[in-house]
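Participant: This is the structure I want to talk about, given as structure tokens.
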Amino acid sequence: MISILITGAASGIGAATAKKLASKEVSLTLTTKTNLEGLKSVKQFAENKGAKVSYICGDLSEKNFIQELVNLARSSTGNIDQFISNAGYADKKEFGEYNNDDLNRSIQTMAISFSEIINLCIEDFKKSSCGRIIVISSFVNKSIGLNNKIFPITAAAKGALEALTKTLSFQLARDNVTVNAISPGY
């Protein structure tokens, strides 16, 4: 059974990914910060497809929650084979409108939590015969000013996330673990 951890799984890309991956051969661990109803809906759909599903709501900016999440994911199969990092949000505050707490929260939620999950699970991915890490990034750190909008806080967090992804990809290539970032846009 393949064990897959998905953050930001209650709606959008995370929910669609969980639904697409759901099968009898998969154990999913799903998380979101607050959208419990969305998470329960995805869980039900995945279970109807035969997947084993565990879920938990919590804040990825809290280190204790990250450890709890990893423990939950490991509890079903003993390891984590794949990780889909989809947690994030678009913060439209411009310079002069946000403060350092806003910036730190964004970087913590998107980049630092990714790093902490990887550090806790890196040996799982290396041991797996199907180790995969997928990062959902964003166009906002590449298409600055598209439609006359900027997202400085989100751009900073997603830029950091992509830098971590690229270096992790290089590091884990020798272990046959693929690491990729996807940057959806409009």
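Chain labels A, B, ... are given in the sequence in which chains occur in the structure tokens; within each chain residues are numbered consecutively from 1, and ligands are likewise numbered from 1 in the order shown.
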Compile the contact shell of Lys158 in chain A as an mmCIF file with N, CA and C atoms, in the first residue's frame: residues with an atom at most 12 Å away, counting only C-alpha atoms, same-chain residues fewer than 6 positions apart removed.

Facilitator:
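Okay, this is what ended up in out08.cif:
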```cif
data_model
loop_
_atom_site.group_PDB
_atom_site.id
_atom_site.type_symbol
_atom_site.label_atom_id
_atom_site.label_comp_id
_atom_site.auth_asym_id
_atom_site.auth_seq_id
_atom_site.Cartn_x
_atom_site.Cartn_y
_atom_site.Cartn_z
ATOM 1 N N SER A 85 2.788 18.698 -1.197
ATOM 2 C CA SER A 85 2.779 19.927 -0.411
ATOM 3 C C SER A 85 1.927 20.962 -1.136
ATOM 4 N N ASN A 86 0.713 21.132 -0.660
ATOM 5 C CA ASN A 86 -0.235 22.028 -1.309
ATOM 6 C C ASN A 86 -0.712 23.142 -0.380
ATOM 7 N N ALA A 87 -0.212 23.176 0.836
ATOM 8 C CA ALA A 87 -0.668 24.194 1.781
ATOM 9 C C ALA A 87 -0.248 25.577 1.302
ATOM 10 N N GLY A 88 -1.156 26.502 1.436
ATOM 11 C CA GLY A 88 -0.819 27.865 1.065
ATOM 12 C C GLY A 88 -2.056 28.710 0.894
ATOM 13 N N TYR A 89 -1.831 29.986 0.694
ATOM 14 C CA TYR A 89 -2.921 30.919 0.503
ATOM 15 C C TYR A 89 -2.362 32.133 -0.217
ATOM 16 N N ALA A 90 -3.222 32.813 -0.925
ATOM 17 C CA ALA A 90 -2.822 34.015 -1.652
ATOM 18 C C ALA A 90 -3.110 35.239 -0.788
ATOM 19 N N ASP A 91 -2.061 35.890 -0.358
ATOM 20 C CA ASP A 91 -2.205 37.097 0.439
ATOM 21 C C ASP A 91 -1.954 38.291 -0.478
ATOM 22 N N LEU A 103 4.255 38.243 6.962
ATOM 23 C CA LEU A 103 5.289 37.628 6.137
ATOM 24 C C LEU A 103 5.810 36.342 6.774
ATOM 25 N N SER A 106 3.293 33.442 6.484
ATOM 26 C CA SER A 106 3.247 32.895 5.130
ATOM 27 C C SER A 106 4.450 31.990 4.856
ATOM 28 N N ILE A 107 5.629 32.461 5.205
ATOM 29 C CA ILE A 107 6.835 31.653 4.991
ATOM 30 C C ILE A 107 6.800 30.405 5.858
ATOM 31 N N GLN A 108 6.332 30.523 7.081
ATOM 32 C CA GLN A 108 6.236 29.365 7.972
ATOM 33 C C GLN A 108 5.259 28.333 7.410
ATOM 34 N N THR A 109 4.098 28.788 6.973
ATOM 35 C CA THR A 109 3.059 27.876 6.493
ATOM 36 C C THR A 109 3.476 27.162 5.216
ATOM 37 N N MET A 110 4.121 27.865 4.301
ATOM 38 C CA MET A 110 4.429 27.281 2.994
ATOM 39 C C MET A 110 5.824 26.685 2.902
ATOM 40 N N ALA A 111 6.849 27.391 3.349
ATOM 41 C CA ALA A 111 8.225 26.923 3.143
ATOM 42 C C ALA A 111 8.794 26.173 4.343
ATOM 43 N N ILE A 112 8.674 26.751 5.512
ATOM 44 C CA ILE A 112 9.290 26.117 6.680
ATOM 45 C C ILE A 112 8.580 24.828 7.044
ATOM 46 N N PHE A 114 7.134 22.817 4.996
ATOM 47 C CA PHE A 114 7.610 21.850 4.004
ATOM 48 C C PHE A 114 8.959 21.283 4.442
ATOM 49 N N VAL A 135 5.415 19.545 -5.057
ATOM 50 C CA VAL A 135 5.149 20.836 -4.429
ATOM 51 C C VAL A 135 4.252 21.638 -5.360
ATOM 52 N N ILE A 136 3.159 22.126 -4.815
ATOM 53 C CA ILE A 136 2.293 23.020 -5.577
ATOM 54 C C ILE A 136 2.728 24.447 -5.242
ATOM 55 N N SER A 137 3.303 25.092 -6.218
ATOM 56 C CA SER A 137 3.766 26.464 -6.038
ATOM 57 C C SER A 137 2.732 27.411 -6.638
ATOM 58 N N SER A 138 3.184 28.480 -7.249
ATOM 59 C CA SER A 138 2.252 29.470 -7.779
ATOM 60 C C SER A 138 2.933 30.324 -8.834
ATOM 61 N N PHE A 139 2.119 30.920 -9.664
ATOM 62 C CA PHE A 139 2.632 31.858 -10.659
ATOM 63 C C PHE A 139 3.010 33.190 -10.030
ATOM 64 N N VAL A 140 2.578 33.474 -8.809
ATOM 65 C CA VAL A 140 2.719 34.818 -8.258
ATOM 66 C C VAL A 140 4.162 35.218 -7.969
ATOM 67 N N ASN A 141 5.080 34.262 -7.909
ATOM 68 C CA ASN A 141 6.481 34.632 -7.719
ATOM 69 C C ASN A 141 7.234 34.690 -9.051
ATOM 70 N N LYS A 142 6.523 34.522 -10.143
ATOM 71 C CA LYS A 142 7.130 34.582 -11.468
ATOM 72 C C LYS A 142 6.473 35.630 -12.355
ATOM 73 N N PHE A 151 1.520 39.992 -5.143
ATOM 74 C CA PHE A 151 1.318 39.208 -3.926
ATOM 75 C C PHE A 151 2.676 39.073 -3.229
ATOM 76 N N PRO A 152 3.238 40.138 -2.669
ATOM 77 C CA PRO A 152 4.605 40.073 -2.144
ATOM 78 C C PRO A 152 4.833 38.971 -1.116
ATOM 79 N N LEU A 164 13.839 25.469 -1.980
ATOM 80 C CA LEU A 164 13.973 24.229 -1.198
ATOM 81 C C LEU A 164 13.693 23.004 -2.068
ATOM 82 N N THR A 165 12.693 23.108 -2.924
ATOM 83 C CA THR A 165 12.330 21.995 -3.804
ATOM 84 C C THR A 165 13.472 21.646 -4.750
ATOM 85 N N ALA A 181 8.191 20.654 -8.622
ATOM 86 C CA ALA A 181 7.273 21.738 -8.281
ATOM 87 C C ALA A 181 6.392 22.011 -9.479
ATOM 88 N N ILE A 182 5.153 22.288 -9.198
ATOM 89 C CA ILE A 182 4.176 22.653 -10.220
ATOM 90 C C ILE A 182 3.687 24.060 -9.882
ATOM 91 N N SER A 183 3.644 24.920 -10.896
ATOM 92 C CA SER A 183 3.200 26.301 -10.665
ATOM 93 C C SER A 183 1.963 26.607 -11.477
ATOM 94 N N PRO A 184 0.801 26.272 -10.946
ATOM 95 C CA PRO A 184 -0.431 26.580 -11.684
ATOM 96 C C PRO A 184 -0.634 28.095 -11.779
#
```

Participant: Choose the residue, out of A:Ala22, A:Ile80, A:Val70, A:Lys40, that has the smallest atom-to-atom separation from Lys52 in chain A; count only C-alpha atoms.

Facilitator: A:Ala22

Participant: Excluding same-chain residues fewer than 5 positions from range 1-14 of chain A, what lies within 8 Å of it counting only C-alpha atoms, as an mmCIF file with N, CA and C atoms, in the first residue's frame?

Facilitator:
```cif
data_model
loop_
_atom_site.group_PDB
_atom_site.id
_atom_site.type_symbol
_atom_site.label_atom_id
_atom_site.label_comp_id
_atom_site.auth_asym_id
_atom_site.auth_seq_id
_atom_site.Cartn_x
_atom_site.Cartn_y
_atom_site.Cartn_z
ATOM 1 N N GLU A 25 -5.211 0.706 -3.354
ATOM 2 C CA GLU A 25 -3.772 0.541 -3.121
ATOM 3 C C GLU A 25 -3.155 1.709 -2.376
ATOM 4 N N VAL A 26 -3.983 2.653 -1.910
ATOM 5 C CA VAL A 26 -3.465 3.904 -1.360
ATOM 6 C C VAL A 26 -4.001 4.166 0.046
ATOM 7 N N SER A 27 -3.103 4.643 0.896
ATOM 8 C CA SER A 27 -3.470 5.171 2.203
ATOM 9 C C SER A 27 -3.188 6.676 2.159
ATOM 10 N N LEU A 28 -4.209 7.469 2.350
ATOM 11 C CA LEU A 28 -4.078 8.922 2.303
ATOM 12 C C LEU A 28 -4.132 9.512 3.706
ATOM 13 N N THR A 29 -3.265 10.468 3.961
ATOM 14 C CA THR A 29 -3.361 11.290 5.160
ATOM 15 C C THR A 29 -3.567 12.707 4.668
ATOM 16 N N LEU A 30 -4.694 13.283 5.061
ATOM 17 C CA LEU A 30 -5.123 14.580 4.553
ATOM 18 C C LEU A 30 -5.145 15.604 5.679
ATOM 19 N N THR A 31 -4.760 16.828 5.351
ATOM 20 C CA THR A 31 -4.823 17.883 6.349
ATOM 21 C C THR A 31 -5.206 19.212 5.720
ATOM 22 N N THR A 32 -5.758 20.050 6.541
ATOM 23 C CA THR A 32 -6.073 21.435 6.212
ATOM 24 C C THR A 32 -6.070 22.198 7.521
ATOM 25 N N LYS A 33 -6.040 23.514 7.428
ATOM 26 C CA LYS A 33 -5.995 24.307 8.657
ATOM 27 C C LYS A 33 -7.345 24.344 9.361
ATOM 28 N N ASN A 35 -10.806 23.934 7.341
ATOM 29 C CA ASN A 35 -11.968 23.492 6.556
ATOM 30 C C ASN A 35 -12.295 22.019 6.815
ATOM 31 N N LEU A 36 -12.799 21.752 8.006
ATOM 32 C CA LEU A 36 -13.103 20.379 8.399
ATOM 33 C C LEU A 36 -14.164 19.751 7.498
ATOM 34 N N GLU A 37 -15.196 20.497 7.143
ATOM 35 C CA GLU A 37 -16.257 19.936 6.286
ATOM 36 C C GLU A 37 -15.714 19.546 4.912
ATOM 37 N N GLY A 38 -14.870 20.388 4.348
ATOM 38 C CA GLY A 38 -14.246 20.057 3.069
ATOM 39 C C GLY A 38 -13.395 18.808 3.174
ATOM 40 N N LEU A 39 -12.641 18.695 4.262
ATOM 41 C CA LEU A 39 -11.780 17.540 4.473
ATOM 42 C C LEU A 39 -12.600 16.259 4.626
ATOM 43 N N LYS A 40 -13.692 16.343 5.366
ATOM 44 C CA LYS A 40 -14.568 15.174 5.532
ATOM 45 C C LYS A 40 -15.169 14.742 4.200
ATOM 46 N N SER A 41 -15.507 15.700 3.361
ATOM 47 C CA SER A 41 -16.063 15.390 2.042
ATOM 48 C C SER A 41 -15.039 14.660 1.170
ATOM 49 N N VAL A 42 -13.812 15.138 1.175
ATOM 50 C CA VAL A 42 -12.743 14.480 0.409
ATOM 51 C C VAL A 42 -12.482 13.090 0.965
ATOM 52 N N ALA A 73 0.266 10.026 9.685
ATOM 53 C CA ALA A 73 0.522 9.438 8.369
ATOM 54 C C ALA A 73 1.259 8.104 8.481
ATOM 55 N N ARG A 74 2.195 8.032 9.377
ATOM 56 C CA ARG A 74 2.956 6.783 9.553
ATOM 57 C C ARG A 74 2.138 5.700 10.244
ATOM 58 N N SER A 76 -0.681 4.434 9.668
ATOM 59 C CA SER A 76 -1.444 3.512 8.825
ATOM 60 C C SER A 76 -0.568 2.478 8.133
ATOM 61 N N THR A 77 0.632 2.861 7.703
ATOM 62 C CA THR A 77 1.477 1.908 6.964
ATOM 63 C C THR A 77 2.893 1.801 7.508
ATOM 64 N N ASN A 79 5.187 4.071 7.231
ATOM 65 C CA ASN A 79 6.079 4.982 6.525
ATOM 66 C C ASN A 79 5.261 5.945 5.660
ATOM 67 N N ILE A 80 5.956 6.885 5.064
ATOM 68 C CA ILE A 80 5.329 7.807 4.117
ATOM 69 C C ILE A 80 6.098 7.690 2.805
ATOM 70 N N ASP A 81 5.404 7.282 1.748
ATOM 71 C CA ASP A 81 6.051 7.113 0.446
ATOM 72 C C ASP A 81 6.067 8.388 -0.372
ATOM 73 N N GLN A 82 4.992 9.155 -0.265
ATOM 74 C CA GLN A 82 4.853 10.325 -1.123
ATOM 75 C C GLN A 82 4.265 11.487 -0.335
ATOM 76 N N PHE A 83 4.645 12.689 -0.745
ATOM 77 C CA PHE A 83 4.192 13.900 -0.068
ATOM 78 C C PHE A 83 3.792 14.918 -1.122
ATOM 79 N N ILE A 84 2.588 15.436 -1.000
ATOM 80 C CA ILE A 84 2.113 16.502 -1.874
ATOM 81 C C ILE A 84 1.907 17.738 -1.001
ATOM 82 N N SER A 85 2.788 18.698 -1.197
ATOM 83 C CA SER A 85 2.779 19.927 -0.411
ATOM 84 C C SER A 85 1.927 20.962 -1.136
ATOM 85 N N ASN A 86 0.713 21.132 -0.660
ATOM 86 C CA ASN A 86 -0.235 22.028 -1.309
ATOM 87 C C ASN A 86 -0.712 23.142 -0.380
ATOM 88 N N ALA A 87 -0.212 23.176 0.836
ATOM 89 C CA ALA A 87 -0.668 24.194 1.781
ATOM 90 C C ALA A 87 -0.248 25.577 1.302
ATOM 91 N N GLY A 88 -1.156 26.502 1.436
ATOM 92 C CA GLY A 88 -0.819 27.865 1.065
ATOM 93 C C GLY A 88 -2.056 28.710 0.894
ATOM 94 N N CYS A 130 8.743 3.916 -4.301
ATOM 95 C CA CYS A 130 7.968 4.867 -5.112
ATOM 96 C C CYS A 130 7.993 6.260 -4.482
#
```

Participant: Quick check, in Å to one decimal: how far apart do CA of Glu116 in chain A and CA of Asn104 in chain A lie?

Facilitator: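 Spanning CA of Glu116 in chain A to CA of Asn104 in chain A is a straight-line distance of 15.3 Å.
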
Participant: Mind listing the strand (DSSP E or B) residues of range 34-139 of chain A, per DSSP on the backbone, as a PyMOL selection string?

Facilitator: chain A and resi 52-57+82-85+132-136

Participant: Pick the closest to Thr17 in chain A from A:Thr34, A:Ile134, A:Glu47, A:Ser129: which is it, counting only C-alpha atoms?

Facilitator: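 Looking at the shortest contact to Thr17 in chain A, the residue is A:Ile134.
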
Participant: So which bits of range 16-186 of chain A end up alpha helix (DSSP H) when you DSSP the backbone, as a ChimeraX atom specification?

Facilitator: /A:16-21,36-48,63-77,100-107,113-127,152-173

Participant: Using the selection just defined, write its residues with C-alpha atoms as a JSON list (two decimals), in the first residue's frame.

Facilitator:
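Wrote it out as selection.json, contents follow:
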```
[["chain", "number", "residue", "atom", "x", "y", "z"],
["A", 16, "ALA", "CA", -8.76, 17.15, -6.57],
["A", 17, "THR", "CA", -5.38, 15.44, -6.15],
["A", 18, "ALA", "CA", -6.59, 13.32, -3.22],
["A", 19, "LYS", "CA", -9.67, 12.28, -5.19],
["A", 20, "LYS", "CA", -7.59, 11.38, -8.25],
["A", 21, "LEU", "CA", -5.11, 9.30, -6.24],
["A", 36, "LEU", "CA", -13.10, 20.38, 8.40],
["A", 37, "GLU", "CA", -16.26, 19.94, 6.29],
["A", 38, "GLY", "CA", -14.25, 20.06, 3.07],
["A", 39, "LEU", "CA", -11.78, 17.54, 4.47],
["A", 40, "LYS", "CA", -14.57, 15.17, 5.53],
["A", 41, "SER", "CA", -16.06, 15.39, 2.04],
["A", 42, "VAL", "CA", -12.74, 14.48, 0.41],
["A", 43, "LYS", "CA", -12.27, 11.66, 2.93],
["A", 44, "GLN", "CA", -15.68, 10.21, 2.10],
["A", 45, "PHE", "CA", -15.02, 10.37, -1.64],
["A", 46, "ALA", "CA", -11.61, 8.70, -1.27],
["A", 47, "GLU", "CA", -12.98, 5.97, 1.00],
["A", 48, "ASN", "CA", -15.71, 5.26, -1.55],
["A", 63, "LYS", "CA", 5.86, 22.50, 14.95],
["A", 64, "ASN", "CA", 3.94, 20.21, 17.33],
["A", 65, "PHE", "CA", 1.16, 19.88, 14.78],
["A", 66, "ILE", "CA", 3.65, 18.89, 12.08],
["A", 67, "GLN", "CA", 4.97, 16.06, 14.26],
["A", 68, "GLU", "CA", 1.40, 14.95, 15.01],
["A", 69, "LEU", "CA", 0.60, 14.96, 11.28],
["A", 70, "VAL", "CA", 3.65, 12.86, 10.40],
["A", 71, "ASN", "CA", 2.85, 10.42, 13.22],
["A", 72, "LEU", "CA", -0.71, 10.08, 11.92],
["A", 73, "ALA", "CA", 0.52, 9.44, 8.37],
["A", 74, "ARG", "CA", 2.96, 6.78, 9.55],
["A", 75, "SER", "CA", 0.37, 5.10, 11.77],
["A", 76, "SER", "CA", -1.44, 3.51, 8.82],
["A", 77, "THR", "CA", 1.48, 1.91, 6.96],
["A", 100, "ASN", "CA", 6.48, 41.07, 9.53],
["A", 101, "ASP", "CA", 4.05, 38.76, 11.31],
["A", 102, "ASP", "CA", 2.10, 38.38, 8.05],
["A", 103, "LEU", "CA", 5.29, 37.63, 6.14],
["A", 104, "ASN", "CA", 6.60, 35.20, 8.76],
["A", 105, "ARG", "CA", 3.26, 33.33, 8.90],
["A", 106, "SER", "CA", 3.25, 32.89, 5.13],
["A", 107, "ILE", "CA", 6.83, 31.65, 4.99],
["A", 113, "SER", "CA", 6.55, 23.54, 7.26],
["A", 114, "PHE", "CA", 7.61, 21.85, 4.00],
["A", 115, "SER", "CA", 11.20, 21.73, 5.24],
["A", 116, "GLU", "CA", 10.15, 20.35, 8.62],
["A", 117, "ILE", "CA", 8.00, 17.61, 7.07],
["A", 118, "ILE", "CA", 10.83, 16.64, 4.72],
["A", 119, "ASN", "CA", 13.34, 16.53, 7.57],
["A", 120, "LEU", "CA", 11.03, 14.25, 9.56],
["A", 121, "CYS", "CA", 10.29, 11.97, 6.60],
["A", 122, "ILE", "CA", 13.41, 11.99, 4.44],
["A", 123, "GLU", "CA", 14.42, 8.44, 5.37],
["A", 124, "ASP", "CA", 10.89, 7.22, 4.52],
["A", 125, "PHE", "CA", 11.18, 8.63, 1.01],
["A", 126, "LYS", "CA", 14.67, 7.15, 0.53],
["A", 127, "LYS", "CA", 13.49, 3.67, 1.60],
["A", 152, "PRO", "CA", 4.60, 40.07, -2.14],
["A", 153, "ILE", "CA", 4.07, 37.83, 0.88],
["A", 154, "THR", "CA", 2.93, 34.80, -1.12],
["A", 155, "ALA", "CA", 5.63, 35.39, -3.76],
["A", 156, "ALA", "CA", 8.31, 35.36, -1.05],
["A", 157, "ALA", "CA", 6.99, 32.15, 0.51],
["A", 158, "LYS", "CA", 6.55, 30.34, -2.80],
["A", 159, "GLY", "CA", 10.00, 31.51, -3.97],
["A", 160, "ALA", "CA", 11.54, 30.03, -0.83],
["A", 161, "LEU", "CA", 9.50, 26.85, -1.32],
["A", 162, "GLU", "CA", 10.76, 26.47, -4.88],
["A", 163, "ALA", "CA", 14.38, 26.97, -3.80],
["A", 164, "LEU", "CA", 13.97, 24.23, -1.20],
["A", 165, "THR", "CA", 12.33, 22.00, -3.80],
["A", 166, "LYS", "CA", 15.17, 22.40, -6.30],
["A", 167, "THR", "CA", 17.87, 21.65, -3.76],
["A", 168, "LEU", "CA", 15.93, 18.68, -2.38],
["A", 169, "SER", "CA", 15.50, 17.34, -5.91],
["A", 170, "PHE", "CA", 19.27, 17.40, -6.40],
["A", 171, "GLN", "CA", 19.88, 15.76, -3.02],
["A", 172, "LEU", "CA", 17.36, 12.93, -3.44],
["A", 173, "ALA", "CA", 18.08, 12.14, -7.09]]
```

Participant: Could you jot down the CA of Val179 in chain A to CA of Gly58 in chain A separation for me, Å, one decimal place?

Facilitator: 24.8 Å

Participant: Please, what distance in Å, to one decimal, runs between CA of Asn99 in chain A and CA of Ile56 in chain A?

Facilitator: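 Here the two named atoms are 29.4 Å from each other.
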